[in-house]
file target22.cif (mmCIF, C-alpha atoms)
data_model
#
loop_
_atom_site.label_atom_id
_atom_site.label_comp_id
_atom_site.auth_asym_id
_atom_site.auth_seq_id
_atom_site.Cartn_x
_atom_site.Cartn_y
_atom_site.Cartn_z
CA MET A 1 2.55 15.71 -11.51
CA PRO A 2 5.00 16.34 -8.64
CA ARG A 3 4.80 14.09 -5.64
CA LEU A 4 3.52 15.45 -2.34
CA VAL A 5 6.35 15.96 0.10
CA ARG A 6 6.41 13.24 2.75
CA PRO A 7 5.14 14.92 5.93
CA ASN A 8 7.23 14.61 9.08
CA PRO A 9 5.04 13.10 11.85
CA PRO A 10 4.85 15.28 14.97
CA LEU A 11 6.25 14.01 18.27
CA GLU A 12 2.79 13.37 19.67
CA VAL A 13 1.88 11.09 16.74
CA ARG A 14 5.15 9.17 17.07
CA CYS A 15 4.51 8.74 20.81
CA ARG A 16 0.99 7.43 20.09
CA VAL A 17 2.38 4.90 17.61
CA ALA A 18 4.98 3.65 20.09
CA LEU A 19 2.41 3.46 22.92
CA ARG A 20 0.01 1.50 20.70
CA GLN A 21 2.76 -0.94 19.72
CA LEU A 22 3.77 -1.43 23.35
CA GLY A 23 0.17 -2.37 24.17
CA GLU A 24 -0.80 0.71 26.18
CA MET A 25 -4.57 0.73 26.57
CA PHE A 26 -4.89 4.43 27.39
CA PRO A 27 -2.29 6.35 25.35
CA GLU A 28 -4.24 9.60 25.75
CA ALA A 29 -3.94 9.38 29.53
CA VAL A 30 -0.18 8.78 29.31
CA LEU A 31 0.29 11.75 26.98
CA ASP A 32 -1.88 14.02 29.15
CA ALA A 33 0.01 13.01 32.28
CA TRP A 34 3.32 13.65 30.55
CA ARG A 35 2.33 17.04 29.10
CA HIS A 36 0.08 18.61 31.70
CA ASP A 37 1.50 17.70 35.07
CA MET A 38 0.81 21.10 36.65
CA THR A 39 0.77 19.85 40.24
CA VAL A 40 4.52 20.25 40.61
CA ALA A 41 6.63 23.34 40.21
CA PRO A 42 7.88 23.99 36.65
CA ARG A 43 11.40 23.21 37.75
CA TYR A 44 10.43 19.63 38.68
CA ARG A 45 8.12 18.89 35.75
CA LYS A 46 8.77 15.96 33.45
CA PRO A 47 10.67 16.76 30.28
CA GLY A 48 8.84 17.19 26.94
CA LEU A 49 7.51 14.58 24.55
CA GLY A 50 10.97 14.03 23.07
CA LYS A 51 12.16 12.37 26.27
CA LEU A 52 8.98 10.28 26.43
CA LEU A 53 9.50 9.16 22.83
CA ALA A 54 13.12 8.24 23.54
CA SER A 55 12.11 6.07 26.51
CA LEU A 56 9.28 4.43 24.53
CA LEU A 57 11.55 3.67 21.58
CA ASP A 58 14.12 2.19 23.95
CA ARG A 59 11.50 -0.18 25.37
CA LEU A 60 10.21 -1.02 21.89
CA ALA A 61 13.72 -1.71 20.55
CA ARG A 62 14.40 -4.13 23.40
CA LEU A 63 11.08 -5.83 22.69
CA LEU A 64 11.86 -6.19 18.95
CA GLY A 65 15.47 -7.22 19.60
CA CYS A 66 17.21 -4.36 17.79
CA ASP A 67 18.87 -1.00 18.50
CA VAL A 68 16.91 2.24 18.71
CA ALA A 69 18.87 3.49 15.67
CA ASP A 70 17.49 0.57 13.63
CA LEU A 71 13.82 1.53 14.17
CA ARG A 72 11.99 3.15 11.24
CA LEU A 73 8.49 4.56 11.09
CA ASP A 74 6.56 2.61 8.45
CA HIS A 75 3.37 3.78 6.72
CA ASP A 76 0.97 0.89 6.31
CA PRO A 77 -0.29 1.02 3.56
CA ALA A 78 2.60 2.88 1.96
CA LEU A 79 1.95 6.48 0.90
CA GLU A 80 2.47 5.62 -2.76
CA ASN A 81 -0.32 3.02 -2.48
CA ARG A 82 -2.88 5.26 -0.76
CA LYS A 83 -5.71 7.09 -2.44
CA LYS A 84 -4.71 10.67 -3.15
CA VAL A 85 -6.93 13.61 -2.11
CA PHE A 86 -7.13 16.52 -4.55
CA LYS A 87 -8.51 20.02 -4.02
CA LYS A 88 -8.91 22.22 -7.10
CA GLY A 89 -6.74 19.81 -9.06
CA VAL A 90 -3.86 19.95 -6.55
CA HIS A 91 -2.72 16.90 -4.55
CA VAL A 92 -3.07 17.94 -0.89
CA ASP A 93 -3.25 14.75 1.22
CA TYR A 94 -3.80 11.00 1.31
CA GLU A 95 -6.69 8.82 2.41
CA PRO A 96 -6.09 7.73 5.24
CA PRO A 97 -4.01 10.79 6.19
CA ALA A 98 -0.24 10.37 6.12
CA ASN A 99 0.21 11.05 9.85
CA ASP A 100 -2.67 8.91 11.10
CA PRO A 101 -1.24 6.96 14.10
CA GLU A 102 -3.46 3.96 13.32
CA HIS A 103 -1.65 3.48 9.99
CA LEU A 104 1.91 3.95 11.24
CA ARG A 105 4.20 1.39 12.83
CA TYR A 106 7.79 1.20 14.03
CA ARG A 107 9.78 -1.57 12.37
CA PRO A 108 13.47 -2.52 12.47
CA HIS A 109 15.19 -1.54 9.23
CA GLY A 110 17.72 -4.25 8.40
CA THR A 111 16.87 -7.40 6.50
CA GLN A 112 18.20 -9.55 9.35
CA PHE A 113 15.18 -8.64 11.55
CA ASP A 114 11.76 -10.27 11.43
CA GLY A 115 9.12 -7.90 10.03
CA SER A 116 11.79 -5.62 8.60
CA HIS A 117 10.86 -2.27 7.06
CA ASP A 118 13.34 -2.79 4.23
CA VAL A 119 11.94 -6.23 3.37
CA LYS A 120 8.34 -4.98 3.40
CA THR A 121 9.19 -2.02 1.17
CA ARG A 122 11.47 -3.63 -1.40
CA ILE A 123 11.43 -7.44 -1.28
CA ARG A 124 8.04 -8.79 -0.20
CA GLY A 125 5.16 -7.48 1.85
CA ASP A 126 3.70 -8.79 5.06
CA HIS A 127 2.33 -12.34 4.91
CA GLY A 128 3.76 -13.03 1.42
CA GLN A 129 2.01 -10.15 -0.33
CA LEU A 130 3.60 -7.90 -2.94
CA SER A 131 6.16 -5.44 -1.64
CA ASP A 132 5.12 -1.79 -1.38
CA ASN A 133 7.19 -0.86 -4.44
CA ALA A 134 5.86 -3.78 -6.53
CA LEU A 135 2.27 -2.94 -5.60
CA ALA A 136 2.77 0.70 -6.61
CA LYS A 137 4.29 -0.39 -9.93
CA LYS A 138 1.35 -2.73 -10.56
CA ASN A 139 -1.15 0.05 -9.82
CA ARG A 140 0.67 2.47 -12.15
CA ARG A 141 0.59 -0.14 -14.95
CA ILE A 142 -3.14 -0.67 -14.45
CA GLU A 143 -3.78 3.08 -14.52
CA ARG A 144 -1.72 3.49 -17.70
CA LYS A 145 -3.77 0.78 -19.44
CA ARG A 146 -7.00 2.34 -18.21
CA ALA A 147 -5.95 5.78 -19.46
CA ALA A 148 -4.91 4.36 -22.84
CA ARG A 149 -8.27 2.65 -23.19
CA LYS A 150 -10.07 5.92 -22.45
CA GLN A 151 -8.00 7.79 -25.04
CA SER A 152 -8.40 5.25 -27.86
CA PRO A 153 -9.87 7.06 -30.87
CA SER A 154 -13.36 6.15 -32.00
CA THR A 155 -14.63 6.99 -35.47
CA GLY A 156 -18.22 7.16 -34.35
CA PHE A 157 -19.32 4.89 -37.21
CA PRO A 158 -20.83 1.44 -36.65
CA LYS A 159 -18.70 -1.57 -37.45
CA ARG A 160 -18.85 -2.83 -41.01
CA PRO A 161 -20.71 -6.14 -41.20
CA SER A 162 -18.76 -9.21 -42.15
CA ARG A 163 -19.30 -10.57 -45.67
CA ILE A 164 -19.29 -14.17 -44.53
CA LYS A 165 -22.48 -15.35 -42.93
CA PRO A 166 -22.13 -16.76 -39.40
CA SER A 167 -23.58 -20.12 -40.51
CA ALA A 168 -20.95 -20.39 -43.25
CA LYS A 169 -18.22 -19.83 -40.70
CA ILE A 170 -19.40 -22.83 -38.73
CA ARG A 171 -19.48 -25.10 -41.80
CA GLY A 172 -15.96 -24.13 -42.83
CA ALA A 173 -13.27 -26.27 -44.42
CA ASN A 174 -11.90 -27.44 -41.08
CA ARG A 175 -14.92 -29.59 -40.33
CA TRP A 176 -15.33 -33.20 -41.39
CA PRO A 177 -17.73 -33.90 -44.24
CA PRO A 178 -21.08 -35.48 -43.32
CA ARG A 179 -21.00 -39.15 -42.34
CA GLY A 180 -22.41 -40.80 -45.47
CA SER A 181 -20.28 -38.84 -47.92
CA ARG A 182 -16.88 -40.19 -46.95
CA PRO A 183 -16.17 -43.71 -48.12
CA PHE A 184 -13.95 -45.97 -46.06
CA ARG A 185 -11.87 -48.70 -47.61
CA ARG A 186 -12.87 -52.13 -46.62
CA LYS A 187 -10.42 -54.95 -46.08
CA PRO A 188 -10.47 -57.72 -48.72
#
call {"tool": "encode", "arguments": {"input": "target22.cif", "output": "structure tokens"}}
result
Amino acid sequence: MPRLVRPNPPLEVRCRVALRQLGEMFPEAVLDAWRHDMTVAPRYRKPGLGKLLASLLDRLARLLGCDVADLRLDHDPALENRKKVFKKGVHVDYEPPANDPEHLRYRPHGTQFDGSHDVKTRIRGDHGQLSDNALAKKNRRIERKRAARKQSPSTGFPKRPSRIKPSAKIRGANRWPPRGSRPFRRKP
């Protein structure tokens, strides 16, 4: 089955993610003020959301101690580890949705940074968990085993009973003989 193309988050979603990470309590008010400032003439209006995102990422990069070019948008949990939504047998989305701002986060990319996107994806997850790739591999292995178990052929006949009685199995050759039947040598 082909993988769903990774959706590109819109500017508004990326701005919401950056505002949430910077600790803004009212991101909706900031976005509305930036978009719909109709009190001034169009010539003096603030630029679009791209300029807002650039200023937010600059502040966030300074806060994280990296360059703006090092910031990456991270899906948490990763898209490959999310539940897939199907409609009429076709993969259409994820649960939670791929562009949900509550499940996105900007992280520095390089391994030299704390909380790095690269480390979380390939080496180890947050707080010592499995990395995103390792967790996806583990889930695929579990699904393969589950599918193989479902497909195992069954004859439909009951199992043939064993010829050895259960009580005979217990009194097998590996057990010691009863206490009075084994003589011990006595010292002279």
call {"tool": "atom_distance", "arguments": {"input": "target22.cif", "atom1": "CA of Thr111 (chain A)", "atom2": "CA of Arg124 (chain A)"}}
result
11.2 Å
call {"tool": "resolve_selection", "arguments": {"input": "target22.cif", "expression": "the PyMOL selection byres ((chain A and resi 117) around 10)", "output": "PDB file with C-alpha atoms, keeping the file's coordinate frame"}}
result
ATOM      1  CA  ASP A  70      17.490   0.570  13.630  1.00  0.00           C
ATOM      2  CA  LEU A  71      13.820   1.530  14.170  1.00  0.00           C
ATOM      3  CA  ARG A  72      11.990   3.150  11.240  1.00  0.00           C
ATOM      4  CA  LEU A  73       8.490   4.560  11.090  1.00  0.00           C
ATOM      5  CA  ASP A  74       6.560   2.610   8.450  1.00  0.00           C
ATOM      6  CA  HIS A  75       3.370   3.780   6.720  1.00  0.00           C
ATOM      7  CA  ARG A 105       4.200   1.390  12.830  1.00  0.00           C
ATOM      8  CA  TYR A 106       7.790   1.200  14.030  1.00  0.00           C
ATOM      9  CA  ARG A 107       9.780  -1.570  12.370  1.00  0.00           C
ATOM     10  CA  PRO A 108      13.470  -2.520  12.470  1.00  0.00           C
ATOM     11  CA  HIS A 109      15.190  -1.540   9.230  1.00  0.00           C
ATOM     12  CA  GLY A 110      17.720  -4.250   8.400  1.00  0.00           C
ATOM     13  CA  THR A 111      16.870  -7.400   6.500  1.00  0.00           C
ATOM     14  CA  PHE A 113      15.180  -8.640  11.550  1.00  0.00           C
ATOM     15  CA  ASP A 114      11.760 -10.270  11.430  1.00  0.00           C
ATOM     16  CA  GLY A 115       9.120  -7.900  10.030  1.00  0.00           C
ATOM     17  CA  SER A 116      11.790  -5.620   8.600  1.00  0.00           C
ATOM     18  CA  ASP A 118      13.340  -2.790   4.230  1.00  0.00           C
ATOM     19  CA  VAL A 119      11.940  -6.230   3.370  1.00  0.00           C
ATOM     20  CA  LYS A 120       8.340  -4.980   3.400  1.00  0.00           C
ATOM     21  CA  THR A 121       9.190  -2.020   1.170  1.00  0.00           C
ATOM     22  CA  ARG A 122      11.470  -3.630  -1.400  1.00  0.00           C
ATOM     23  CA  ILE A 123      11.430  -7.440  -1.280  1.00  0.00           C
ATOM     24  CA  GLY A 125       5.160  -7.480   1.850  1.00  0.00           C
ATOM     25  CA  ASP A 126       3.700  -8.790   5.060  1.00  0.00           C
TER      26      ASP A 126
END
call {"tool": "resolve_selection", "arguments": {"input": "target22.cif", "expression": "the PyMOL selection byres ((chain A and resi 78-89) around 9)", "output": "count of residues only"}}
result
20
call {"tool": "resolve_selection", "arguments": {"input": "target22.cif", "expression": "the PyMOL selection byres ((chain A and resi 11-24) around 12)", "output": "VMD selection string"}}
result
chain A and resid 7 to 10 25 to 32 34 to 35 48 to 64 71 to 75 98 to 107
call {"tool": "axis_aligned_box", "arguments": {"input": "target22.cif", "around": "region 79-89 of chain A", "padding_each_side": "3 Å", "output": "AutoDock Vina command-line options"}}
result
--center_x -3.2 --center_y 12.6 --center_z -4.1 --size_x 17.4 --size_y 25.2 --size_z 16.0
call {"tool": "atom_distance", "arguments": {"input": "target22.cif", "atom1": "CA of Gly128 (chain A)", "atom2": "CA of Gln112 (chain A)"}}
result
16.8 Å
call {"tool": "atom_distance", "arguments": {"input": "target22.cif", "atom1": "CA of Ala134 (chain A)", "atom2": "CA of Val68 (chain A)"}}
result
28.2 Å
